[in-house]
$ cat structure23.cif   # mmCIF, C-alpha atoms
data_target
loop_
_atom_site.group_PDB
_atom_site.id
_atom_site.type_symbol
_atom_site.label_atom_id
_atom_site.label_comp_id
_atom_site.auth_asym_id
_atom_site.auth_seq_id
_atom_site.Cartn_x
_atom_site.Cartn_y
_atom_site.Cartn_z
ATOM 1 C CA ASN A 1 0.000 0.000 0.000
ATOM 2 C CA PRO A 2 1.638 3.281 -1.076
ATOM 3 C CA GLU A 3 0.061 5.133 1.872
ATOM 4 C CA VAL A 4 2.174 3.196 4.402
ATOM 5 C CA ALA A 5 5.259 2.575 2.239
ATOM 6 C CA PRO A 6 7.334 5.115 4.251
ATOM 7 C CA PHE A 7 6.595 3.107 7.428
ATOM 8 C CA HIS A 8 7.981 -0.083 5.878
ATOM 9 C CA GLU A 9 10.977 1.669 4.318
ATOM 10 C CA ALA A 10 11.853 3.197 7.693
ATOM 11 C CA ALA A 11 11.453 -0.172 9.438
ATOM 12 C CA ASN A 12 13.946 -1.684 6.996
ATOM 13 C CA ALA A 13 16.328 1.119 8.032
ATOM 14 C CA GLY A 14 15.763 0.400 11.750
ATOM 15 C CA LYS A 15 13.472 3.369 12.417
ATOM 16 C CA LEU A 16 9.944 3.432 13.847
ATOM 17 C CA LEU A 17 7.604 5.956 12.245
ATOM 18 C CA ILE A 18 4.258 7.166 13.550
ATOM 19 C CA LYS A 19 1.833 9.767 12.230
ATOM 20 C CA ARG A 20 1.003 13.082 13.907
ATOM 21 C CA CYS A 21 -1.897 15.352 13.009
ATOM 22 C CA THR A 22 -0.860 18.707 11.579
ATOM 23 C CA SER A 23 -4.078 20.283 12.939
ATOM 24 C CA CYS A 24 -4.643 18.985 16.484
ATOM 25 C CA GLY A 25 -1.115 17.685 17.144
ATOM 26 C CA GLN A 26 -2.219 14.213 18.311
ATOM 27 C CA ALA A 27 0.110 11.310 17.494
ATOM 28 C CA HIS A 28 -1.462 8.007 16.496
ATOM 29 C CA PHE A 29 -0.677 4.473 15.426
ATOM 30 C CA TYR A 30 -1.486 2.684 13.060
ATOM 31 C CA PRO A 31 -0.447 5.080 10.264
ATOM 32 C CA ARG A 32 -3.311 6.572 8.250
ATOM 33 C CA ALA A 33 -3.824 9.610 6.049
ATOM 34 C CA LEU A 34 -6.469 11.290 8.203
ATOM 35 C CA CYS A 35 -6.292 11.946 11.935
ATOM 36 C CA PRO A 36 -8.656 9.641 13.865
ATOM 37 C CA PHE A 37 -9.260 12.467 16.391
ATOM 38 C CA CYS A 38 -10.164 15.443 14.163
ATOM 39 C CA MET A 39 -9.935 14.127 10.559
ATOM 40 C CA GLY A 40 -7.058 16.554 9.849
ATOM 41 C CA GLU A 41 -4.066 15.799 7.659
ATOM 42 C CA THR A 42 -1.161 13.857 9.124
ATOM 43 C CA ALA A 43 2.608 13.848 8.754
ATOM 44 C CA TRP A 44 5.258 11.191 9.387
ATOM 45 C CA GLU A 45 7.436 11.502 12.472
ATOM 46 C CA GLU A 46 10.245 9.297 13.760
ATOM 47 C CA ALA A 47 9.363 7.823 17.148
ATOM 48 C CA ALA A 48 11.934 7.465 19.903
ATOM 49 C CA GLY A 49 11.317 3.722 19.899
ATOM 50 C CA THR A 50 10.715 3.588 23.638
ATOM 51 C CA GLY A 51 7.619 2.996 25.706
ATOM 52 C CA THR A 52 6.014 0.956 28.461
ATOM 53 C CA VAL A 53 4.005 -2.245 28.562
ATOM 54 C CA TYR A 54 0.328 -1.289 28.846
ATOM 55 C CA SER A 55 -1.034 -4.842 28.802
ATOM 56 C CA TYR A 56 0.176 -8.270 27.712
ATOM 57 C CA THR A 57 -0.573 -11.965 27.527
ATOM 58 C CA VAL A 58 1.730 -14.954 27.218
ATOM 59 C CA LEU A 59 0.562 -17.438 24.594
ATOM 60 C CA ARG A 60 2.279 -20.548 25.903
ATOM 61 C CA ARG A 61 0.311 -23.014 23.756
ATOM 62 C CA ALA A 62 1.315 -21.280 20.531
ATOM 63 C CA ARG A 63 4.165 -22.850 18.580
ATOM 64 C CA PRO A 64 6.478 -21.201 19.302
ATOM 65 C CA PRO A 65 5.140 -19.506 22.458
ATOM 66 C CA TYR A 66 5.237 -15.706 22.450
ATOM 67 C CA VAL A 67 4.196 -12.562 24.351
ATOM 68 C CA GLN A 68 1.516 -10.400 22.700
ATOM 69 C CA ALA A 69 1.382 -6.883 24.164
ATOM 70 C CA TYR A 70 0.075 -3.376 23.908
ATOM 71 C CA VAL A 71 2.950 -0.913 24.261
ATOM 72 C CA THR A 72 2.335 2.762 24.936
ATOM 73 C CA LEU A 73 4.973 4.711 23.046
ATOM 74 C CA ALA A 74 6.771 7.704 24.574
ATOM 75 C CA GLU A 75 4.908 9.859 22.021
ATOM 76 C CA GLY A 76 1.517 8.689 23.342
ATOM 77 C CA PRO A 77 0.000 6.140 20.946
ATOM 78 C CA THR A 78 -0.466 2.530 22.003
ATOM 79 C CA MET A 79 0.452 -0.182 19.517
ATOM 80 C CA LEU A 80 -0.165 -3.917 19.368
ATOM 81 C CA THR A 81 3.128 -5.805 19.146
ATOM 82 C CA GLN A 82 5.140 -8.696 20.536
ATOM 83 C CA ILE A 83 7.731 -8.643 23.306
ATOM 84 C CA VAL A 84 10.841 -10.587 22.240
ATOM 85 C CA ASP A 85 14.345 -11.546 23.383
ATOM 86 C CA CYS A 86 13.541 -11.820 27.096
ATOM 87 C CA SER A 87 12.100 -14.221 29.639
ATOM 88 C CA PHE A 88 8.303 -14.310 29.615
ATOM 89 C CA ASP A 89 8.394 -14.098 33.412
ATOM 90 C CA ASP A 90 10.198 -10.732 33.295
ATOM 91 C CA VAL A 91 7.428 -9.006 31.309
ATOM 92 C CA ALA A 92 5.095 -6.893 33.459
ATOM 93 C CA ILE A 93 2.685 -3.985 33.060
ATOM 94 C CA GLY A 94 4.563 -0.692 33.334
ATOM 95 C CA LYS A 95 7.972 -2.136 32.381
ATOM 96 C CA PRO A 96 10.011 0.024 29.999
ATOM 97 C CA VAL A 97 10.632 -1.354 26.510
ATOM 98 C CA ARG A 98 12.534 -0.386 23.375
ATOM 99 C CA VAL A 99 11.935 -1.228 19.738
ATOM 100 C CA VAL A 100 13.850 -3.935 17.869
ATOM 101 C CA PHE A 101 13.334 -4.948 14.264
ATOM 102 C CA LYS A 102 13.100 -8.537 13.067
ATOM 103 C CA PRO A 103 12.732 -9.730 9.468
ATOM 104 C CA SER A 104 9.443 -11.305 8.428
ATOM 105 C CA GLU A 105 9.290 -14.330 6.116
ATOM 106 C CA ASN A 106 9.527 -12.050 3.060
ATOM 107 C CA GLY A 107 12.438 -10.062 4.524
ATOM 108 C CA GLN A 108 10.422 -6.956 5.497
ATOM 109 C CA ALA A 109 11.539 -5.668 8.899
ATOM 110 C CA VAL A 110 8.798 -5.645 11.538
ATOM 111 C CA PRO A 111 8.916 -3.639 14.789
ATOM 112 C CA PHE A 112 8.841 -5.674 17.993
ATOM 113 C CA PHE A 113 9.810 -4.614 21.509
ATOM 114 C CA THR A 114 12.153 -5.957 24.156
ATOM 115 C CA LEU A 115 12.599 -5.003 27.794
ATOM 116 C CA ALA A 116 14.771 -1.899 28.140
#
$ encode --input "structure23.cif" --output "structure tokens"
Amino acid sequence: NPEVAPFHEAANAGKLLIKRCTSCGQAHFYPRALCPFCMGETAWEEAAGTGTVYSYTVLRRARPPYVQAYVTLAEGPTMLTQIVDCSFDDVAIGKPVRVVFKPSENGQAVPFFTLA
């Protein structure tokens, strides 16, 4: 989708992009052309790549098991993601996290988070 191509290009370069409304100033994720708060135009912005665990669940019966989480970014938006490269028992609500990028099956980098 050409509308989100900059997001994927930045991910391949190890950068996390979000959108911010040029009218009301609200940041949001997932990227979209119109602001979900005021329907204003949006612009790309590089996120710090840090945040905190808002909520999570450990899917132990999945193969392989993984941690699905909502992470609230330092810029404000909350995104659905996975917590990787740490013990499942160390994940907790409120813990600080940072972004890491892992390749998908087709080679496209995908943002995940690990404990900071």
$ closest_atom_pairs --input "structure23.cif" --of "range 27-90 of chain A" --to "range 3-15 of chain A" --cutoff "8 Å" --atoms "all atoms listed in the file" --output "CSV"
residue,atom,partner,partner_atom,distance
A:Pro31,CA,A:Val4,CA,6.7
A:Arg32,CA,A:Glu3,CA,7.4
A:Ala33,CA,A:Glu3,CA,7.3
A:Glu46,CA,A:Lys15,CA,6.9
A:Ala47,CA,A:Lys15,CA,7.7
A:Gly49,CA,A:Lys15,CA,7.8
$ resolve_selection --input "structure23.cif" --expression "the PyMOL selection byres ((chain A and resi 53) around 8)" --output "PyMOL selection string"
chain A and resi 51-52+54-56+69-72+92-97
$ write_last_selection --input "structure23.cif" --atoms "C-alpha atoms" --output "compact mmCIF listing (two decimals), in the coordinates of the input"
# COMPACT_ATOMS: atom_id res chain seq x y z
CA GLY A 51 7.62 3.00 25.71
CA THR A 52 6.01 0.96 28.46
CA TYR A 54 0.33 -1.29 28.85
CA SER A 55 -1.03 -4.84 28.80
CA TYR A 56 0.18 -8.27 27.71
CA ALA A 69 1.38 -6.88 24.16
CA TYR A 70 0.08 -3.38 23.91
CA VAL A 71 2.95 -0.91 24.26
CA THR A 72 2.34 2.76 24.94
CA ALA A 92 5.10 -6.89 33.46
CA ILE A 93 2.68 -3.98 33.06
CA GLY A 94 4.56 -0.69 33.33
CA LYS A 95 7.97 -2.14 32.38
CA PRO A 96 10.01 0.02 30.00
CA VAL A 97 10.63 -1.35 26.51
$ residues_around --input "structure23.cif" --residues "Arg20 in chain A" --least-positions-apart "3" --cutoff "12 Å" --atoms "all atoms listed in the file" --output "JSON, numbers by chain"
{"A": [17, 23, 24, 25, 26, 27, 28, 29, 30, 31, 32, 33, 34, 35, 36, 37, 38, 39, 40, 41, 42, 43, 44, 45, 46, 47, 75, 76, 77]}
$ atom_distance --input "structure23.cif" --atom1 "CA of Val67 in chain A" --atom2 "CA of Gly107 in chain A"
21.6 Å
$ atom_distance --input "structure23.cif" --atom1 "CA of Thr22 in chain A" --atom2 "CA of Val100 in chain A"
27.7 Å
$ closest_residue --input "structure23.cif" --among "A:Leu115, A:Pro2, A:Val58, A:Val99" --to "Met79 in chain A" --atoms "all atoms listed in the file"
A:Val99
$ atom_distance --input "structure23.cif" --atom1 "CA of Arg60 in chain A" --atom2 "CA of Leu16 in chain A"
27.9 Å
$ residues_around --input "structure23.cif" --residues "Pro65 in chain A" --least-positions-apart "4" --cutoff "12 Å" --atoms "all atoms listed in the file" --output "list in words"
Thr57, Val58, Leu59, Arg60, Arg61, Gln82, Ile83, Val84, Ser87 and Phe88 of chain A
$ closest_residue --input "structure23.cif" --among "A:Cys21, A:Ala62, A:Ala74, A:Val110" --to "Thr50 in chain A" --atoms "only C-alpha atoms"
A:Ala74
$ closest_residue --input "structure23.cif" --among "A:Tyr66, A:Phe113, A:Ile18, A:Asn1" --to "Asp89 in chain A" --atoms "all atoms listed in the file"
A:Tyr66
$ closest_residue --input "structure23.cif" --among "A:Ala116, A:Pro64, A:Arg98, A:Val91" --to "Ala48 in chain A" --atoms "all atoms listed in the file"
A:Arg98
$ closest_residue --input "structure23.cif" --among "A:Pro103, A:Lys19, A:Leu73, A:Phe112" --to "Cys86 in chain A" --atoms "all atoms listed in the file"
A:Phe112
$ axis_aligned_box --input "structure23.cif" --around "range 69-74 of chain A" --padding-each-side "8 Å" --output "JSON"
{"center_x": 3.4, "center_y": 0.4, "center_z": 24.0, "size_x": 22.7, "size_y": 30.6, "size_z": 17.9}
